[in-house]
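Listing of model_21.cif, mmCIF, C-alpha atoms
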data_query
#
loop_
_atom_site.group_PDB
_atom_site.id
_atom_site.type_symbol
_atom_site.label_atom_id
_atom_site.label_comp_id
_atom_site.auth_asym_id
_atom_site.auth_seq_id
_atom_site.Cartn_x
_atom_site.Cartn_y
_atom_site.Cartn_z
ATOM 1 C CA MET A 1 -34.422 6.840 -176.966
ATOM 2 C CA LEU A 2 -35.237 4.075 -174.506
ATOM 3 C CA LEU A 3 -38.481 3.915 -172.523
ATOM 4 C CA ALA A 4 -38.362 1.976 -169.240
ATOM 5 C CA VAL A 5 -41.680 1.136 -167.583
ATOM 6 C CA ASP A 6 -41.777 -0.025 -163.959
ATOM 7 C CA LEU A 7 -45.301 -1.249 -163.183
ATOM 8 C CA GLY A 8 -45.694 -1.379 -159.400
ATOM 9 C CA ASN A 9 -48.509 -1.987 -156.957
ATOM 10 C CA THR A 10 -49.003 1.705 -156.161
ATOM 11 C CA ASP A 11 -47.561 3.583 -159.149
ATOM 12 C CA THR A 12 -46.337 2.925 -162.660
ATOM 13 C CA VAL A 13 -43.157 4.837 -163.499
ATOM 14 C CA PHE A 14 -42.195 5.706 -167.074
ATOM 15 C CA GLY A 15 -38.583 6.762 -167.656
ATOM 16 C CA LEU A 16 -37.310 8.143 -170.969
ATOM 17 C CA TYR A 17 -33.549 7.737 -171.404
ATOM 18 C CA ASP A 18 -31.503 9.521 -174.062
ATOM 19 C CA SER A 19 -27.867 10.552 -174.535
ATOM 20 C CA GLY A 20 -26.697 9.182 -171.188
ATOM 21 C CA THR A 21 -29.384 10.660 -168.944
ATOM 22 C CA TRP A 22 -32.987 10.218 -167.833
ATOM 23 C CA GLU A 23 -34.591 13.073 -169.747
ATOM 24 C CA HIS A 24 -38.095 12.545 -168.381
ATOM 25 C CA ILE A 25 -39.662 10.494 -165.584
ATOM 26 C CA TRP A 26 -43.445 10.295 -165.313
ATOM 27 C CA ARG A 27 -45.505 8.596 -162.623
ATOM 28 C CA MET A 28 -49.089 7.298 -162.887
ATOM 29 C CA ARG A 29 -51.294 5.520 -160.370
ATOM 30 C CA SER A 30 -51.584 1.764 -161.006
ATOM 31 C CA LEU A 31 -55.365 1.406 -161.197
ATOM 32 C CA LEU A 32 -56.747 -2.077 -161.790
ATOM 33 C CA GLN A 33 -60.110 -0.758 -162.946
ATOM 34 C CA GLU A 34 -58.673 1.252 -165.847
ATOM 35 C CA ASN A 35 -58.103 -0.018 -169.395
ATOM 36 C CA GLU A 36 -55.281 0.692 -171.841
ATOM 37 C CA ALA A 37 -57.025 3.791 -173.206
ATOM 38 C CA HIS A 38 -56.679 5.461 -169.806
ATOM 39 C CA TYR A 39 -52.907 4.887 -169.651
ATOM 40 C CA GLU A 40 -52.434 5.683 -173.336
ATOM 41 C CA SER A 41 -54.129 9.067 -172.983
ATOM 42 C CA GLN A 42 -51.907 9.993 -170.042
ATOM 43 C CA LEU A 43 -48.731 8.895 -171.810
ATOM 44 C CA ARG A 44 -49.749 10.760 -174.973
ATOM 45 C CA LEU A 45 -50.220 13.899 -172.889
ATOM 46 C CA HIS A 46 -46.762 13.546 -171.316
ATOM 47 C CA PHE A 47 -45.138 13.101 -174.737
ATOM 48 C CA LEU A 48 -47.071 16.049 -176.146
ATOM 49 C CA GLU A 49 -46.089 18.353 -173.263
ATOM 50 C CA ALA A 50 -42.429 17.323 -173.675
ATOM 51 C CA GLY A 51 -42.492 17.884 -177.441
ATOM 52 C CA LEU A 52 -41.684 14.237 -178.161
ATOM 53 C CA TRP A 53 -42.774 11.746 -180.813
ATOM 54 C CA PHE A 54 -43.433 8.076 -180.134
ATOM 55 C CA GLY A 55 -41.234 7.335 -183.140
ATOM 56 C CA ASP A 56 -38.272 8.749 -181.202
ATOM 57 C CA VAL A 57 -38.346 5.639 -178.960
ATOM 58 C CA ASP A 58 -36.525 2.611 -180.347
ATOM 59 C CA THR A 59 -36.462 0.374 -177.233
ATOM 60 C CA VAL A 60 -39.198 -0.287 -174.654
ATOM 61 C CA VAL A 61 -38.592 -2.347 -171.501
ATOM 62 C CA LEU A 62 -41.354 -3.358 -169.078
ATOM 63 C CA SER A 63 -41.144 -4.799 -165.577
ATOM 64 C CA SER A 64 -44.330 -5.601 -163.689
ATOM 65 C CA VAL A 65 -45.298 -6.953 -160.288
ATOM 66 C CA VAL A 66 -49.038 -6.560 -160.977
ATOM 67 C CA PRO A 67 -50.111 -9.540 -163.141
ATOM 68 C CA ALA A 68 -53.655 -8.207 -163.611
ATOM 69 C CA LEU A 69 -52.331 -4.959 -165.133
ATOM 70 C CA THR A 70 -49.477 -6.426 -167.168
ATOM 71 C CA PRO A 71 -51.543 -7.241 -170.292
ATOM 72 C CA VAL A 72 -53.252 -3.843 -170.130
ATOM 73 C CA ILE A 73 -49.982 -1.904 -170.086
ATOM 74 C CA LEU A 74 -48.397 -4.278 -172.591
ATOM 75 C CA ARG A 75 -51.215 -3.780 -175.106
ATOM 76 C CA MET A 76 -50.913 -0.025 -174.685
ATOM 77 C CA LEU A 77 -47.144 -0.058 -175.216
ATOM 78 C CA ARG A 78 -47.377 -2.315 -178.275
ATOM 79 C CA ALA A 79 -50.050 -0.106 -179.807
ATOM 80 C CA LEU A 80 -47.842 2.979 -179.438
ATOM 81 C CA PHE A 81 -44.335 1.592 -179.992
ATOM 82 C CA GLY A 82 -44.685 -1.726 -181.836
ATOM 83 C CA ASP A 83 -44.627 -5.363 -180.808
ATOM 84 C CA GLU A 84 -40.980 -5.578 -179.745
ATOM 85 C CA VAL A 85 -41.527 -4.701 -176.080
ATOM 86 C CA ILE A 86 -38.985 -6.357 -173.770
ATOM 87 C CA VAL A 87 -40.761 -7.915 -170.775
ATOM 88 C CA VAL A 88 -38.413 -8.578 -167.851
ATOM 89 C CA GLY A 89 -38.379 -12.067 -166.370
ATOM 90 C CA PRO A 90 -35.897 -14.425 -164.671
ATOM 91 C CA GLU A 91 -34.111 -15.498 -167.879
ATOM 92 C CA ILE A 92 -34.031 -12.129 -169.625
ATOM 93 C CA TYR A 93 -30.482 -11.176 -168.599
ATOM 94 C CA PRO A 94 -28.079 -14.168 -168.720
ATOM 95 C CA ALA A 95 -25.251 -12.214 -167.040
ATOM 96 C CA LEU A 96 -27.283 -12.368 -163.800
ATOM 97 C CA SER A 97 -27.843 -15.733 -162.159
ATOM 98 C CA ILE A 98 -30.859 -16.204 -159.871
ATOM 99 C CA GLU A 99 -29.873 -18.642 -157.118
ATOM 100 C CA ILE A 100 -33.263 -19.115 -155.430
ATOM 101 C CA ASP A 101 -35.630 -22.083 -155.210
ATOM 102 C CA HIS A 102 -38.276 -20.757 -157.612
ATOM 103 C CA PRO A 103 -36.825 -18.049 -159.912
ATOM 104 C CA HIS A 104 -40.222 -17.199 -161.427
ATOM 105 C CA GLU A 105 -41.431 -16.025 -158.000
ATOM 106 C CA ILE A 106 -39.014 -13.093 -157.860
ATOM 107 C CA GLY A 107 -40.371 -9.672 -158.818
ATOM 108 C CA ALA A 108 -39.211 -8.196 -162.117
ATOM 109 C CA ASP A 109 -38.344 -4.950 -160.319
ATOM 110 C CA LEU A 110 -35.976 -6.833 -158.017
ATOM 111 C CA ILE A 111 -34.289 -8.387 -161.049
ATOM 112 C CA ALA A 112 -33.816 -4.882 -162.488
ATOM 113 C CA ASN A 113 -32.381 -3.645 -159.172
ATOM 114 C CA ALA A 114 -29.964 -6.575 -159.088
ATOM 115 C CA VAL A 115 -28.846 -5.963 -162.678
ATOM 116 C CA ALA A 116 -28.153 -2.308 -161.841
ATOM 117 C CA VAL A 117 -25.988 -2.978 -158.775
ATOM 118 C CA SER A 118 -24.184 -5.976 -160.275
ATOM 119 C CA THR A 119 -23.205 -3.766 -163.221
ATOM 120 C CA ARG A 120 -22.308 -0.751 -161.104
ATOM 121 C CA TYR A 121 -20.498 -2.566 -158.271
ATOM 122 C CA LYS A 122 -18.423 -5.715 -158.460
ATOM 123 C CA GLU A 123 -18.945 -6.731 -154.822
ATOM 124 C CA ASN A 124 -21.548 -8.244 -152.534
ATOM 125 C CA CYS A 125 -24.507 -5.889 -152.288
ATOM 126 C CA VAL A 126 -27.945 -5.650 -150.672
ATOM 127 C CA VAL A 127 -30.539 -3.536 -152.488
ATOM 128 C CA VAL A 128 -33.076 -2.126 -150.044
ATOM 129 C CA ASP A 129 -36.151 -1.008 -151.992
ATOM 130 C CA PHE A 130 -38.496 1.245 -150.011
ATOM 131 C CA GLY A 131 -41.758 0.837 -151.913
ATOM 132 C CA THR A 132 -45.202 -0.632 -151.317
ATOM 133 C CA ALA A 133 -43.215 -3.547 -149.939
ATOM 134 C CA LEU A 134 -39.833 -3.139 -148.249
ATOM 135 C CA THR A 135 -37.477 -5.590 -149.938
ATOM 136 C CA PHE A 136 -33.875 -6.648 -149.353
ATOM 137 C CA THR A 137 -32.311 -8.273 -152.432
ATOM 138 C CA THR A 138 -28.875 -9.782 -151.848
ATOM 139 C CA VAL A 139 -26.576 -9.939 -154.868
ATOM 140 C CA SER A 140 -23.129 -11.544 -154.768
ATOM 141 C CA LYS A 141 -19.979 -10.126 -156.311
ATOM 142 C CA GLU A 142 -20.302 -12.927 -158.889
ATOM 143 C CA SER A 143 -23.590 -11.364 -160.094
ATOM 144 C CA LYS A 144 -25.886 -13.917 -158.472
ATOM 145 C CA ILE A 145 -29.148 -13.098 -156.702
ATOM 146 C CA LEU A 146 -28.729 -15.070 -153.485
ATOM 147 C CA GLY A 147 -32.131 -14.353 -151.979
ATOM 148 C CA VAL A 148 -34.681 -11.787 -150.844
ATOM 149 C CA ALA A 149 -36.363 -10.597 -147.631
ATOM 150 C CA ILE A 150 -39.810 -8.968 -147.937
ATOM 151 C CA LEU A 151 -42.028 -7.107 -145.482
ATOM 152 C CA PRO A 152 -44.728 -4.418 -145.654
ATOM 153 C CA GLY A 153 -43.492 -0.996 -146.738
ATOM 154 C CA LEU A 154 -43.796 2.128 -144.586
ATOM 155 C CA VAL A 155 -47.012 3.425 -146.150
ATOM 156 C CA THR A 156 -48.491 -0.083 -146.193
ATOM 157 C CA ALA A 157 -47.791 -0.457 -142.475
ATOM 158 C CA VAL A 158 -49.341 2.913 -141.626
ATOM 159 C CA LYS A 159 -52.427 2.208 -143.754
ATOM 160 C CA ALA A 160 -52.898 -1.213 -142.159
ATOM 161 C CA LEU A 161 -52.727 0.340 -138.703
ATOM 162 C CA PHE A 162 -55.177 3.075 -139.664
ATOM 163 C CA ALA A 163 -57.605 0.706 -141.396
ATOM 164 C CA ASN A 164 -57.778 -1.765 -138.520
ATOM 165 C CA THR A 165 -57.726 0.598 -135.534
ATOM 166 C CA ALA A 166 -60.750 2.865 -135.167
ATOM 167 C CA GLN A 167 -59.220 5.548 -132.953
ATOM 168 C CA LEU A 168 -55.907 6.029 -134.749
ATOM 169 C CA PRO A 169 -55.533 8.770 -137.388
ATOM 170 C CA GLU A 170 -53.474 8.693 -140.571
ATOM 171 C CA VAL A 171 -50.136 10.370 -139.962
ATOM 172 C CA PRO A 172 -47.413 11.973 -142.107
ATOM 173 C CA LEU A 173 -44.249 9.936 -142.583
ATOM 174 C CA GLN A 174 -41.899 12.221 -140.664
ATOM 175 C CA LEU A 175 -39.131 11.000 -138.410
ATOM 176 C CA PRO A 176 -39.960 11.968 -134.787
ATOM 177 C CA SER A 177 -37.436 13.512 -132.416
ATOM 178 C CA SER A 178 -38.161 10.979 -129.682
ATOM 179 C CA ALA A 179 -39.056 7.313 -129.352
ATOM 180 C CA ILE A 180 -41.455 8.322 -126.577
ATOM 181 C CA GLY A 181 -44.462 9.800 -128.356
ATOM 182 C CA LYS A 182 -46.362 12.479 -126.447
ATOM 183 C CA ASN A 183 -49.480 12.274 -128.632
ATOM 184 C CA THR A 184 -51.086 9.797 -131.016
ATOM 185 C CA VAL A 185 -49.331 11.102 -134.133
ATOM 186 C CA GLU A 186 -45.905 11.074 -132.476
ATOM 187 C CA ALA A 187 -46.595 7.617 -131.046
ATOM 188 C CA ILE A 188 -47.326 6.166 -134.503
ATOM 189 C CA GLN A 189 -44.339 7.943 -136.040
ATOM 190 C CA ALA A 190 -42.090 6.607 -133.281
ATOM 191 C CA GLY A 191 -43.387 3.077 -133.677
ATOM 192 C CA ILE A 192 -43.346 2.924 -137.469
ATOM 193 C CA LEU A 193 -40.409 5.154 -138.465
ATOM 194 C CA LEU A 194 -38.029 4.355 -135.614
ATOM 195 C CA GLY A 195 -39.167 0.734 -135.622
ATOM 196 C CA TYR A 196 -38.326 0.429 -139.309
ATOM 197 C CA GLU A 197 -34.998 2.154 -138.715
ATOM 198 C CA GLY A 198 -34.045 -0.596 -136.278
ATOM 199 C CA LEU A 199 -35.465 -3.275 -138.557
ATOM 200 C CA VAL A 200 -33.405 -2.150 -141.557
ATOM 201 C CA LYS A 201 -30.215 -1.974 -139.492
ATOM 202 C CA SER A 202 -30.867 -5.399 -137.968
ATOM 203 C CA LEU A 203 -31.579 -7.137 -141.281
ATOM 204 C CA LEU A 204 -28.558 -5.553 -142.959
ATOM 205 C CA SER A 205 -26.392 -6.668 -140.036
ATOM 206 C CA ARG A 206 -27.628 -10.260 -140.290
ATOM 207 C CA ILE A 207 -27.193 -10.380 -144.078
ATOM 208 C CA ARG A 208 -23.661 -8.994 -143.805
ATOM 209 C CA ALA A 209 -22.823 -11.549 -141.122
ATOM 210 C CA GLU A 210 -24.056 -14.393 -143.341
ATOM 211 C CA LEU A 211 -21.835 -13.096 -146.160
ATOM 212 C CA GLY A 212 -18.789 -12.850 -143.915
ATOM 213 C CA GLY A 213 -19.055 -9.103 -143.338
ATOM 214 C CA GLU A 214 -18.184 -7.970 -146.862
ATOM 215 C CA CYS A 215 -21.331 -6.405 -148.252
ATOM 216 C CA ILE A 216 -22.386 -2.892 -149.245
ATOM 217 C CA ALA A 217 -25.992 -1.660 -149.282
ATOM 218 C CA VAL A 218 -27.806 0.518 -151.824
ATOM 219 C CA ALA A 219 -31.228 2.072 -151.211
ATOM 220 C CA THR A 220 -33.902 2.818 -153.781
ATOM 221 C CA GLY A 221 -37.647 3.378 -153.983
ATOM 222 C CA GLY A 222 -39.870 6.377 -153.476
ATOM 223 C CA LEU A 223 -39.478 6.333 -149.678
ATOM 224 C CA SER A 224 -35.733 5.689 -149.590
ATOM 225 C CA SER A 225 -34.939 9.096 -148.099
ATOM 226 C CA ILE A 226 -37.673 9.162 -145.432
ATOM 227 C CA ILE A 227 -35.576 7.696 -142.603
ATOM 228 C CA ASP A 228 -32.676 10.132 -142.742
ATOM 229 C CA THR A 229 -30.789 8.376 -139.920
ATOM 230 C CA LEU A 230 -30.214 5.375 -142.208
ATOM 231 C CA ARG A 231 -28.092 7.293 -144.720
ATOM 232 C CA ASP A 232 -24.806 6.030 -143.277
ATOM 233 C CA GLU A 233 -25.940 2.445 -143.847
ATOM 234 C CA PHE A 234 -25.930 2.920 -147.608
ATOM 235 C CA THR A 235 -23.156 3.382 -150.128
ATOM 236 C CA GLU A 236 -25.702 5.096 -152.345
ATOM 237 C CA ILE A 237 -29.360 6.149 -152.373
ATOM 238 C CA ASP A 238 -30.620 6.064 -155.954
ATOM 239 C CA ARG A 239 -34.349 6.407 -156.646
ATOM 240 C CA LYS A 240 -33.709 5.663 -160.337
ATOM 241 C CA LEU A 241 -31.997 2.320 -159.659
ATOM 242 C CA THR A 242 -34.860 0.164 -160.986
ATOM 243 C CA LEU A 243 -35.125 2.255 -164.140
ATOM 244 C CA ASP A 244 -31.371 1.993 -164.611
ATOM 245 C CA GLY A 245 -31.538 -1.786 -164.361
ATOM 246 C CA LEU A 246 -34.287 -1.802 -166.980
ATOM 247 C CA ARG A 247 -32.120 0.427 -169.180
ATOM 248 C CA ILE A 248 -29.181 -1.976 -168.917
ATOM 249 C CA ILE A 249 -31.415 -4.922 -169.813
ATOM 250 C CA GLY A 250 -32.914 -2.999 -172.744
ATOM 251 C CA GLU A 251 -29.535 -1.940 -174.086
ATOM 252 C CA SER A 252 -28.215 -5.493 -173.849
ATOM 253 C CA LEU A 253 -31.100 -6.770 -175.967
ATOM 254 C CA ARG A 254 -31.326 -3.847 -178.379
ATOM 255 C CA PRO A 255 -30.777 -5.056 -181.995
#
Written as structure tokens, how would this file's structure read?
Amino acid sequence: MLLAVDLGNTDTVFGLYDSGTWEHIWRMRSLLQENEAHYESQLRLHFLEAGLWFGDVDTVVLSSVVPALTPVILRMLRALFGDEVIVVGPEIYPALSIEIDHPHEIGADLIANAVAVSTRYKENCVVVDFGTALTFTTVSKESKILGVAILPGLVTAVKALFANTAQLPEVPLQLPSSAIGKNTVEAIQAGILLGYEGLVKSLLSRIRAELGGECIAVATGGLSSIIDTLRDEFTEIDRKLTLDGLRIIGESLRP
């Protein structure tokens, strides 16, 4: 079995892969104030409920975009599975070239996304990851990361609006029927959801134009299905894309 761990700003996702499928996917909150014992107890409970043994896992791969939590999760994983934890970084997967100014600035999750699409598709591709941040990672058909665009994610945008505006309520992320909101909730939904719809289409259009028009798009992330009207923009919507990239990296480095 292979355990892929995607440590993100909001959640940490644990995926257990065996016999060609993701058998289990568990999600925990990424809490800076907690120590490794907190995460270990939760992971032990998940394994116990699934009837699994830690000894069943022979490969562990970790990607993290939260430097303060990385050593905490890493110590926990090494205590449970041994020292040979694969930590994803810019040079971890030689088949993927990172053609940006400062390769160490790119998020490990974006590297995993790029590995997944460059393995799955042999053409220019943009990975749109709807997470805490909304990211656009452009990967060439030659398996090169050409660059990234980053902006606040949907939930981040709503929370920022709520936190800094006294009279505005928190609202559910539901696509409104009209761009002309008739009440405060509809107004925020129209501005955020429909605004992001236009933003995604515009950025994809510009990226495709810069690549000469030949470029597919793949969506991932926990909020990738929220804006239903964007479905036609994507060749595929795969919420497990990051985990799959981690799996490919892990399998390539497995002894």
Exercise. Nearest to His24 in chain A among A:Glu84, A:Asp109, A:Asp232, A:Glu49, with distances taken over only C-alpha atoms: which residue is it?
Worked result: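 Under the stated criterion, the closest residue is A:Glu49.
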For this session: Please identify all polymer residues within 8 Å of range 35-42 of chain A, counting all atoms listed in the file, omitting same-chain residues fewer than 5 positions from it, and present them as number ranges by chain.
Result: A: 72-73, 75-76
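Nearest residue to Leu203 in chain A among A:Met1, A:Val139, A:Val57, A:Ile150 is A:Ile150, counting only C-alpha atoms.
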Problem set entry | One-decimal distance in Å that lies between CA of Gly250 in chain A and CA of Leu16 in chain A |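 Spanning CA of Leu16 in chain A to CA of Gly250 in chain A is a straight-line distance of 12.1 Å.
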Exercise. For the file shown, what are the residues hit by the PyMOL selection byres ((chain A and resi 126) around 9), laid out as a list in words?
Worked result: Ala114, Val117, Asn124, Cys125, Val127, Val128, Phe136, Thr137, Thr138, Val139, Ser140, Leu204, Ile207, Arg208, Cys215, Ile216, Ala217, Val218 and Ala219 of chain A
Problem set entry | Option closest in space to Gly107 in chain A, from A:Gln189, A:Ser224, A:Thr132, A:Ser64 [counting only C-alpha atoms] | A:Ser64
Expected selection from the PyMOL selection byres ((chain A and resi 242) around 7), given as a JSON list (two decimals) with C-alpha atoms, in the frame of the given file:
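File produced: expr26.json:
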[["chain", "number", "residue", "atom", "x", "y", "z"],
["A", 109, "ASP", "CA", -38.34, -4.95, -160.32],
["A", 112, "ALA", "CA", -33.82, -4.88, -162.49],
["A", 113, "ASN", "CA", -32.38, -3.64, -159.17],
["A", 240, "LYS", "CA", -33.71, 5.66, -160.34],
["A", 241, "LEU", "CA", -32.00, 2.32, -159.66],
["A", 243, "LEU", "CA", -35.12, 2.26, -164.14],
["A", 244, "ASP", "CA", -31.37, 1.99, -164.61],
["A", 245, "GLY", "CA", -31.54, -1.79, -164.36],
["A", 246, "LEU", "CA", -34.29, -1.80, -166.98]]
For this session: Using only C-alpha atoms, determine which residues lie at most 7 Å from Phe130 in chain A, disregarding the query and same-chain residues fewer than 2 positions distant; provide the list as a VMD selection string.
Result: chain A and resid 128 133 to 135 153 220 to 224
